[in-house]
Amino acid sequence: MSIKKYDVVVIGELNVDLILNKTAVFPELGKEILARQMNLVLGSSSAIFASNISCLGAKVAFIGKTGVDLFGDFVISSLQSKAVDTGGIVQDRSTSTGATVVINFNEDRAMITHPGAMEAFSGNEVNWDIIRQSRHLHISSYFIQTSLQKNIGNIFRKAKQLGLTTSFDPQWDPAEKWEIDLDEMLPDIDLFFPNESEILKITHTSTVEDAVQKIKPAGTAIVIKQGNQGSTIIQNSKAHSLPAFLNEEVVDAIGAGDSFNAGFVYRFLQNQPLEYCHRFGNMIAAMSTTAAGGTGAFSGRQEVFTVLKEKYGYEEN
Ligand SMILES: Nc1ncnc2c1ncn2[C@@H]1O[C@H](COP(=O)(O)OP(=O)(O)O)[C@@H](O)[C@H]1O
Ligand SMILES: [Mg+2]
């Protein structure tokens with residue numbers, strides 16, 4: 001794609017997901033139930049994005065932190081197995097790699113996360129040599145990365161000055177405080193990827209129209225993910241919605257939004273029109289709902305494009 005070493009560098013949080021499926025009832029305090037299916041998989045929005053965009057064919061580097069523990073090794077080897085360069089991941093004995101326990105029940109899910117290293121990673125541990133060698137910077141999970149958070153605006157600014165394009169997915173705020181200065185950050189962000197509930201919470205509004213009015217995005221393309229309804233892109237005050245490639249038999253929706261971002265950014269880096277990027281994002285997101293966890297549907301490039309062709313009649317151009 002270019003003379004730079006990496007197409008995409010991701011700065012973000014790392015954790016594992018322990019996914020429990022097929023329980024007869026939802027757990028209750030003081031009782032024990034059985035889950036008939038269990039998967040331990042790569043978790044975290046940033047890592048799922050990195051893994052899936054690498055699987056599509058981009059050259060990817062990751063910058064972040066784990067503990068020195070089994071989950072840390074698991075996260076790093078999972079990324080490496082998808083050809084993500086993990087040289088920018090710091091392993092730190094003073095913290096532990098975070099984990100999310102997911103209980104899927106009746107098409108919904110309950111989750112509990114131990115943040116660990118996700119809260120310990122700070123701005124001065126970011127390896128700028130890697131960023132200088134990259135075309136695009138993606139950052140996800142603003143709220144959960146409590147140490148990195150205060151530096152994210154500056155990191156985007158500096159990356160833009162270095163000539164990178166940028167994308168940002170805020171993700172959910174587990175504290176539900178939603179404190180973020182978008183006016184300050186958006187001028188340095190090319191693609192802003194919230195889901196619908198996140199953008200409404202961040203802007204304290206109840207409709208997407210009001211939310212967009214409120215944040216006055218300047219040149220940023222705002223791409224709002226709307227679950228099985230698809231997604232809407234807004235740029236220069238013009239909104240365009242596309243329906244989802246509806247999957248009626250969702251295995252789980254873990255990482256659907258991150259897979260959407262991966263599909264969108266992959267095409268964006270090929271300088272495709274935004275409408276094409278948008279449609280491809282929806283397609284890759286739909287694909288992610290067909291297998292367990294965030295990366296289960298993305299075993300290799302060849303396999304992915306075979307499925308895209310069979311399921312959606314899509315031909316790689
Ligand atoms: N049932 C489904 N069938 C097909 N695509 C889906 C389905 N549910 C979600 N998606 C796709 O996944 C994208 C992201 O889902 P969403 O839940 O809105 O984001 P997030 O995972 O960030 O919360 C949607 O924009 C849509 O393209
Ligand atoms: Mg999301």
# chains A, B, ... in the order shown; residues from 1 in each chain; ligands from 1
>>> residues_near_ligand(ligand="ligand 1", cutoff="9 Å", atoms="only C-alpha atoms and all ligand atoms", output="tab-separated table (two decimals) with N, CA, C and O atoms, in the first residue's frame")
chain	number	residue	atom	x	y	z
A	45	SER	N	-11.91	-4.11	22.48
A	45	SER	CA	-12.26	-3.45	21.22
A	45	SER	C	-11.03	-3.22	20.34
A	45	SER	O	-11.03	-3.52	19.14
A	169	ASP	N	-12.93	5.25	18.19
A	169	ASP	CA	-14.17	4.63	18.68
A	169	ASP	C	-14.20	4.82	20.19
A	169	ASP	O	-13.37	4.25	20.90
A	171	GLN	N	-16.33	3.84	22.56
A	171	GLN	CA	-16.86	2.71	23.32
A	171	GLN	C	-17.62	3.19	24.57
A	171	GLN	O	-17.69	4.36	24.88
A	172	TRP	N	-18.17	2.22	25.26
A	172	TRP	CA	-19.04	2.49	26.42
A	172	TRP	C	-18.22	3.03	27.59
A	172	TRP	O	-17.05	2.70	27.75
A	193	PHE	N	-16.28	6.84	15.28
A	193	PHE	CA	-17.07	5.60	15.20
A	193	PHE	C	-17.86	5.24	16.46
A	193	PHE	O	-17.66	4.15	17.00
A	194	PRO	N	-18.73	6.09	16.97
A	194	PRO	CA	-19.51	5.66	18.15
A	194	PRO	C	-20.66	4.74	17.73
A	194	PRO	O	-21.03	4.72	16.56
A	195	ASN	N	-21.25	4.00	18.67
A	195	ASN	CA	-22.54	3.41	18.35
A	195	ASN	C	-23.62	4.40	18.78
A	195	ASN	O	-23.33	5.44	19.39
A	196	GLU	N	-24.87	4.09	18.47
A	196	GLU	CA	-25.92	5.10	18.68
A	196	GLU	C	-26.08	5.46	20.15
A	196	GLU	O	-26.14	6.64	20.51
A	197	SER	N	-26.10	4.46	21.04
A	197	SER	CA	-26.30	4.84	22.44
A	197	SER	C	-25.13	5.65	22.97
A	197	SER	O	-25.31	6.57	23.77
A	198	GLU	N	-23.91	5.34	22.49
A	198	GLU	CA	-22.75	6.11	22.97
A	198	GLU	C	-22.83	7.57	22.55
A	198	GLU	O	-22.59	8.47	23.36
A	223	VAL	N	-19.57	8.17	11.96
A	223	VAL	CA	-20.17	6.92	11.50
A	223	VAL	C	-20.82	6.27	12.71
A	223	VAL	O	-20.13	5.87	13.65
A	224	ILE	N	-22.16	6.22	12.70
A	224	ILE	CA	-22.89	5.76	13.87
A	224	ILE	C	-23.41	4.35	13.63
A	224	ILE	O	-24.15	4.09	12.68
A	225	LYS	N	-23.00	3.44	14.52
A	225	LYS	CA	-23.40	2.03	14.37
A	225	LYS	C	-24.72	1.81	15.11
A	225	LYS	O	-24.88	2.25	16.25
A	226	GLN	N	-25.66	1.13	14.42
A	226	GLN	CA	-27.02	1.01	14.96
A	226	GLN	C	-27.49	-0.43	15.02
A	226	GLN	O	-28.60	-0.76	14.63
A	227	GLY	N	-26.61	-1.30	15.50
A	227	GLY	CA	-26.97	-2.70	15.71
A	227	GLY	C	-27.56	-3.33	14.45
A	227	GLY	O	-27.06	-3.09	13.35
A	228	ASN	N	-28.61	-4.13	14.61
A	228	ASN	CA	-29.16	-4.83	13.43
A	228	ASN	C	-29.90	-3.89	12.47
A	228	ASN	O	-30.38	-4.30	11.43
A	229	GLN	N	-29.96	-2.60	12.82
A	229	GLN	CA	-30.54	-1.61	11.91
A	229	GLN	C	-29.51	-1.11	10.89
A	229	GLN	O	-29.85	-0.41	9.95
A	230	GLY	N	-28.23	-1.42	11.12
A	230	GLY	CA	-27.19	-0.98	10.19
A	230	GLY	C	-26.42	0.21	10.75
A	230	GLY	O	-26.04	0.20	11.92
A	231	SER	N	-26.22	1.24	9.94
A	231	SER	CA	-25.39	2.36	10.38
A	231	SER	C	-25.66	3.59	9.53
A	231	SER	O	-26.21	3.51	8.44
A	232	THR	N	-25.25	4.74	10.08
A	232	THR	CA	-25.48	6.02	9.41
A	232	THR	C	-24.18	6.80	9.39
A	232	THR	O	-23.48	6.87	10.41
A	242	LEU	N	-27.40	3.09	5.88
A	242	LEU	CA	-27.42	1.82	5.15
A	242	LEU	C	-27.94	0.74	6.09
A	242	LEU	O	-27.54	0.70	7.26
A	243	PRO	N	-28.80	-0.15	5.60
A	243	PRO	CA	-29.29	-1.24	6.46
A	243	PRO	C	-28.18	-2.27	6.71
A	243	PRO	O	-27.21	-2.32	5.96
A	244	ALA	N	-28.36	-3.05	7.78
A	244	ALA	CA	-27.39	-4.13	8.05
A	244	ALA	C	-27.57	-5.24	7.02
A	244	ALA	O	-28.64	-5.37	6.41
A	245	PHE	N	-26.52	-6.03	6.84
A	245	PHE	CA	-26.64	-7.30	6.09
A	245	PHE	C	-27.19	-8.29	7.10
A	245	PHE	O	-26.43	-9.06	7.72
A	246	LEU	N	-28.49	-8.22	7.31
A	246	LEU	CA	-29.10	-8.83	8.48
A	246	LEU	C	-28.79	-10.32	8.64
A	246	LEU	O	-28.98	-11.11	7.74
A	247	ASN	N	-28.28	-10.65	9.80
A	247	ASN	CA	-28.05	-12.04	10.17
A	247	ASN	C	-29.13	-12.42	11.18
A	247	ASN	O	-29.20	-11.86	12.27
A	248	GLU	N	-29.99	-13.35	10.80
A	248	GLU	CA	-31.12	-13.73	11.69
A	248	GLU	C	-30.66	-14.71	12.77
A	248	GLU	O	-31.37	-14.95	13.72
A	249	GLU	N	-29.48	-15.31	12.57
A	249	GLU	CA	-29.01	-16.31	13.54
A	249	GLU	C	-27.70	-15.87	14.17
A	249	GLU	O	-26.66	-16.51	13.99
A	250	VAL	N	-27.77	-14.76	14.89
A	250	VAL	CA	-26.57	-14.20	15.51
A	250	VAL	C	-26.01	-15.16	16.55
A	250	VAL	O	-26.73	-15.59	17.45
A	252	ASP	N	-23.13	-14.31	18.46
A	252	ASP	CA	-23.08	-13.22	19.44
A	252	ASP	C	-22.63	-11.96	18.71
A	252	ASP	O	-22.11	-12.03	17.61
A	253	ALA	N	-22.91	-10.81	19.32
A	253	ALA	CA	-22.57	-9.55	18.66
A	253	ALA	C	-21.29	-8.94	19.23
A	253	ALA	O	-20.98	-7.78	19.02
A	254	ILE	N	-20.51	-9.76	19.95
A	254	ILE	CA	-19.25	-9.28	20.51
A	254	ILE	C	-18.33	-8.86	19.37
A	254	ILE	O	-18.10	-9.62	18.44
A	255	GLY	N	-17.83	-7.62	19.44
A	255	GLY	CA	-16.88	-7.16	18.43
A	255	GLY	C	-17.50	-6.79	17.09
A	255	GLY	O	-16.77	-6.50	16.14
A	256	ALA	N	-18.83	-6.75	17.00
A	256	ALA	CA	-19.45	-6.38	15.71
A	256	ALA	C	-19.05	-4.95	15.33
A	256	ALA	O	-18.68	-4.67	14.19
A	257	GLY	N	-19.08	-4.06	16.32
A	257	GLY	CA	-18.72	-2.66	16.05
A	257	GLY	C	-17.24	-2.51	15.68
A	257	GLY	O	-16.89	-1.71	14.82
A	258	ASP	N	-16.39	-3.29	16.32
A	258	ASP	CA	-14.95	-3.22	16.03
A	258	ASP	C	-14.67	-3.80	14.64
A	258	ASP	O	-13.80	-3.31	13.92
A	259	SER	N	-15.42	-4.83	14.28
A	259	SER	CA	-15.27	-5.42	12.94
A	259	SER	C	-15.78	-4.43	11.90
A	259	SER	O	-15.19	-4.31	10.81
A	260	PHE	N	-16.86	-3.72	12.23
A	260	PHE	CA	-17.35	-2.66	11.35
A	260	PHE	C	-16.22	-1.65	11.09
A	260	PHE	O	-15.92	-1.31	9.94
A	261	ASN	N	-15.59	-1.20	12.19
A	261	ASN	CA	-14.50	-0.22	12.05
A	261	ASN	C	-13.39	-0.78	11.16
A	261	ASN	O	-12.82	-0.06	10.33
A	278	HIS	N	-18.38	2.38	3.96
A	278	HIS	CA	-19.54	2.21	4.85
A	278	HIS	C	-20.20	0.85	4.61
A	278	HIS	O	-20.44	0.07	5.54
A	279	ARG	N	-20.44	0.53	3.36
A	279	ARG	CA	-21.10	-0.73	3.02
A	279	ARG	C	-20.20	-1.91	3.42
A	279	ARG	O	-20.67	-2.91	3.97
A	281	GLY	N	-17.99	-1.92	5.78
A	281	GLY	CA	-18.03	-1.99	7.26
A	281	GLY	C	-19.22	-2.81	7.72
A	281	GLY	O	-19.10	-3.71	8.56
A	282	ASN	N	-20.41	-2.52	7.17
A	282	ASN	CA	-21.61	-3.28	7.53
A	282	ASN	C	-21.45	-4.77	7.23
A	282	ASN	O	-21.90	-5.63	7.99
A	283	MET	N	-20.79	-5.07	6.11
A	283	MET	CA	-20.64	-6.46	5.70
A	283	MET	C	-19.70	-7.21	6.65
A	283	MET	O	-19.98	-8.34	7.08
A	284	ILE	N	-18.60	-6.58	6.99
A	284	ILE	CA	-17.63	-7.22	7.89
A	284	ILE	C	-18.23	-7.37	9.30
A	284	ILE	O	-18.01	-8.37	9.99
A	285	ALA	N	-19.05	-6.37	9.70
A	285	ALA	CA	-19.73	-6.45	11.01
A	285	ALA	C	-20.70	-7.62	11.02
A	285	ALA	O	-20.76	-8.39	11.98
A	286	ALA	N	-21.47	-7.76	9.95
A	286	ALA	CA	-22.44	-8.86	9.86
A	286	ALA	C	-21.70	-10.19	9.96
A	286	ALA	O	-22.14	-11.12	10.65
A	287	MET	N	-20.57	-10.25	9.28
A	287	MET	CA	-19.79	-11.48	9.31
A	287	MET	C	-19.34	-11.83	10.73
A	287	MET	O	-19.34	-13.00	11.13
A	288	SER	N	-19.00	-10.82	11.50
A	288	SER	CA	-18.51	-11.09	12.85
A	288	SER	C	-19.60	-11.69	13.75
A	288	SER	O	-19.30	-12.36	14.73
A	289	THR	N	-20.87	-11.45	13.40
A	289	THR	CA	-21.96	-12.01	14.24
A	289	THR	C	-22.21	-13.49	13.95
A	289	THR	O	-23.03	-14.12	14.61
A	290	THR	N	-21.49	-14.05	12.96
A	290	THR	CA	-21.74	-15.46	12.60
A	290	THR	C	-20.87	-16.44	13.39
A	290	THR	O	-21.00	-17.65	13.21
>>> residues_around(residues="Ala120 (chain A)", least_positions_apart="4", cutoff="12 Å", atoms="only C-alpha atoms", output="count of residues only")
26
>>> residues_around(residues="Ile76 (chain A)", least_positions_apart="5", cutoff="10 Å", atoms="only C-alpha atoms", output="list in words")
Leu14, Asn15, Leu42, Ala47, Phe62, Lys65, Thr66, Leu70, Phe71, Ser81, Val84, Asp85, Thr86, Gly87, Ile89 and Gln91 of chain A
>>> closest_atom_pairs(of="region 103-166 of chain A", to="region 182-188 of chain A", cutoff="12 Å", atoms="only C-alpha atoms", output="tab-separated table")
residue	atom	partner	partner_atom	distance
A:Leu137	CA	A:Asp188	CA	10.9
A:His138	CA	A:Asp188	CA	11.8
A:Tyr142	CA	A:Leu182	CA	11.4
A:Gln149	CA	A:Met185	CA	11.7
A:Lys150	CA	A:Met185	CA	11.2
A:Asn151	CA	A:Met185	CA	10.7
A:Ile152	CA	A:Met185	CA	8.3
A:Gly153	CA	A:Met185	CA	5.3
A:Asn154	CA	A:Met185	CA	8.4
A:Ile155	CA	A:Asp188	CA	9.3
A:Phe156	CA	A:Asp188	CA	5.8
A:Arg157	CA	A:Asp188	CA	5.5
A:Lys158	CA	A:Asp188	CA	8.8
A:Ala159	CA	A:Asp188	CA	8.4
A:Lys160	CA	A:Asp188	CA	6.4
A:Gln161	CA	A:Asp188	CA	9.1
A:Leu162	CA	A:Asp188	CA	11.6
A:Gly163	CA	A:Asp188	CA	10.9
A:Leu164	CA	A:Asp188	CA	10.0
A:Thr165	CA	A:Asp188	CA	8.6
A:Thr166	CA	A:Asp188	CA	7.3
>>> select_by_dssp(residues="region 67-226 of chain A", states="strand (DSSP E or B)", output="ChimeraX atom specification")
/A:67,85-92,98-105,108-114,134-140,165-169,191-192,195,221-225
>>> write_last_selection(atoms="N, CA and C atoms", output="short mmCIF file (atom, residue, chain, number, x, y, z; two decimals), in the first residue's frame")
data_model
loop_
_atom_site.label_atom_id
_atom_site.label_comp_id
_atom_site.auth_asym_id
_atom_site.auth_seq_id
_atom_site.Cartn_x
_atom_site.Cartn_y
_atom_site.Cartn_z
N GLY A 67 -0.14 -7.45 31.64
CA GLY A 67 0.67 -7.90 32.77
C GLY A 67 1.66 -8.94 32.27
N ASP A 85 1.95 -6.91 14.49
CA ASP A 85 3.24 -6.67 15.12
C ASP A 85 3.00 -6.21 16.56
N THR A 86 3.51 -6.98 17.53
CA THR A 86 3.23 -6.69 18.94
C THR A 86 4.43 -6.04 19.65
N GLY A 87 5.40 -5.58 18.87
CA GLY A 87 6.60 -4.96 19.46
C GLY A 87 6.31 -3.74 20.32
N GLY A 88 5.18 -3.09 20.13
CA GLY A 88 4.81 -1.90 20.91
C GLY A 88 4.02 -2.22 22.17
N ILE A 89 3.88 -3.52 22.49
CA ILE A 89 3.15 -3.89 23.71
C ILE A 89 4.13 -4.04 24.87
N VAL A 90 3.89 -3.27 25.93
CA VAL A 90 4.73 -3.31 27.13
C VAL A 90 4.15 -4.38 28.05
N GLN A 91 5.03 -5.26 28.59
CA GLN A 91 4.56 -6.21 29.61
C GLN A 91 5.08 -5.75 30.96
N ASP A 92 4.16 -5.55 31.89
CA ASP A 92 4.48 -4.87 33.14
C ASP A 92 4.10 -5.76 34.34
N GLY A 98 -6.17 -7.66 32.01
CA GLY A 98 -7.59 -7.65 32.33
C GLY A 98 -8.36 -8.78 31.67
N ALA A 99 -9.58 -9.01 32.17
CA ALA A 99 -10.44 -10.05 31.61
C ALA A 99 -11.90 -9.61 31.72
N THR A 100 -12.68 -10.05 30.73
CA THR A 100 -14.13 -9.83 30.79
C THR A 100 -14.82 -11.18 30.79
N VAL A 101 -15.70 -11.40 31.75
CA VAL A 101 -16.53 -12.60 31.74
C VAL A 101 -17.87 -12.21 31.12
N VAL A 102 -18.22 -12.91 30.05
CA VAL A 102 -19.45 -12.59 29.31
C VAL A 102 -20.43 -13.74 29.51
N ILE A 103 -21.62 -13.43 29.95
CA ILE A 103 -22.66 -14.46 30.03
C ILE A 103 -23.72 -14.13 28.99
N ASN A 104 -23.77 -14.93 27.95
CA ASN A 104 -24.78 -14.73 26.90
C ASN A 104 -26.06 -15.40 27.33
N PHE A 105 -27.16 -14.66 27.24
CA PHE A 105 -28.44 -15.23 27.64
C PHE A 105 -29.56 -14.57 26.85
N ASP A 108 -29.12 -11.53 24.69
CA ASP A 108 -28.51 -10.38 25.35
C ASP A 108 -27.34 -10.92 26.17
N ARG A 109 -26.61 -10.03 26.83
CA ARG A 109 -25.48 -10.54 27.58
C ARG A 109 -25.21 -9.65 28.79
N ALA A 110 -24.66 -10.28 29.83
CA ALA A 110 -24.18 -9.53 30.99
C ALA A 110 -22.67 -9.69 31.01
N MET A 111 -21.96 -8.60 31.36
CA MET A 111 -20.51 -8.67 31.33
C MET A 111 -19.94 -8.08 32.61
N ILE A 112 -18.82 -8.66 33.04
CA ILE A 112 -18.09 -8.06 34.16
C ILE A 112 -16.61 -8.06 33.79
N THR A 113 -15.97 -6.88 33.96
CA THR A 113 -14.60 -6.70 33.51
C THR A 113 -13.68 -6.34 34.66
N HIS A 114 -12.52 -7.00 34.71
CA HIS A 114 -11.44 -6.53 35.57
C HIS A 114 -10.49 -5.75 34.68
N SER A 134 3.73 4.56 10.42
CA SER A 134 2.37 4.10 10.09
C SER A 134 1.60 5.14 9.30
N ARG A 135 0.64 4.68 8.50
CA ARG A 135 -0.18 5.59 7.70
C ARG A 135 -1.41 6.07 8.45
N HIS A 136 -1.90 5.22 9.37
CA HIS A 136 -3.19 5.51 10.01
C HIS A 136 -3.13 5.13 11.48
N LEU A 137 -3.74 5.97 12.34
CA LEU A 137 -3.81 5.67 13.78
C LEU A 137 -5.27 5.42 14.18
N HIS A 138 -5.51 4.29 14.85
CA HIS A 138 -6.85 4.01 15.40
C HIS A 138 -6.73 3.89 16.92
N ILE A 139 -7.62 4.59 17.62
CA ILE A 139 -7.69 4.46 19.09
C ILE A 139 -9.12 4.11 19.47
N SER A 140 -9.25 3.18 20.39
CA SER A 140 -10.58 2.77 20.85
C SER A 140 -10.62 2.80 22.38
N THR A 165 -3.61 9.55 8.92
CA THR A 165 -5.05 9.72 9.07
C THR A 165 -5.44 9.03 10.38
N THR A 166 -6.65 9.36 10.88
CA THR A 166 -6.98 8.91 12.24
C THR A 166 -8.43 8.43 12.35
N SER A 167 -8.66 7.49 13.27
CA SER A 167 -10.03 7.09 13.59
C SER A 167 -10.15 6.81 15.09
N PHE A 168 -11.37 6.98 15.60
CA PHE A 168 -11.60 6.92 17.04
C PHE A 168 -12.95 6.28 17.34
N ASP A 169 -12.93 5.25 18.19
CA ASP A 169 -14.17 4.63 18.68
C ASP A 169 -14.20 4.82 20.19
N LEU A 191 -12.24 9.89 11.17
CA LEU A 191 -13.40 9.00 11.26
C LEU A 191 -13.75 8.78 12.72
N PHE A 192 -14.99 9.14 13.09
CA PHE A 192 -15.44 8.98 14.47
C PHE A 192 -16.51 7.89 14.48
N ASN A 195 -21.25 4.00 18.67
CA ASN A 195 -22.54 3.41 18.35
C ASN A 195 -23.62 4.40 18.78
N ALA A 221 -15.87 12.61 9.48
CA ALA A 221 -17.01 11.76 9.11
C ALA A 221 -17.45 11.05 10.39
N ILE A 222 -18.72 11.25 10.78
CA ILE A 222 -19.24 10.56 11.95
C ILE A 222 -19.97 9.33 11.46
N VAL A 223 -19.57 8.17 11.96
CA VAL A 223 -20.17 6.92 11.50
C VAL A 223 -20.82 6.27 12.71
N ILE A 224 -22.16 6.22 12.70
CA ILE A 224 -22.89 5.76 13.87
C ILE A 224 -23.41 4.35 13.63
N LYS A 225 -23.00 3.44 14.52
CA LYS A 225 -23.40 2.03 14.37
C LYS A 225 -24.72 1.81 15.11
#
>>> atom_distance(atom1="CA of Ala211 (chain A)", atom2="CA of Ser237 (chain A)")
11.9 Å
>>> atom_distance(atom1="CA of Tyr314 (chain A)", atom2="CA of Ala83 (chain A)")
24.4 Å
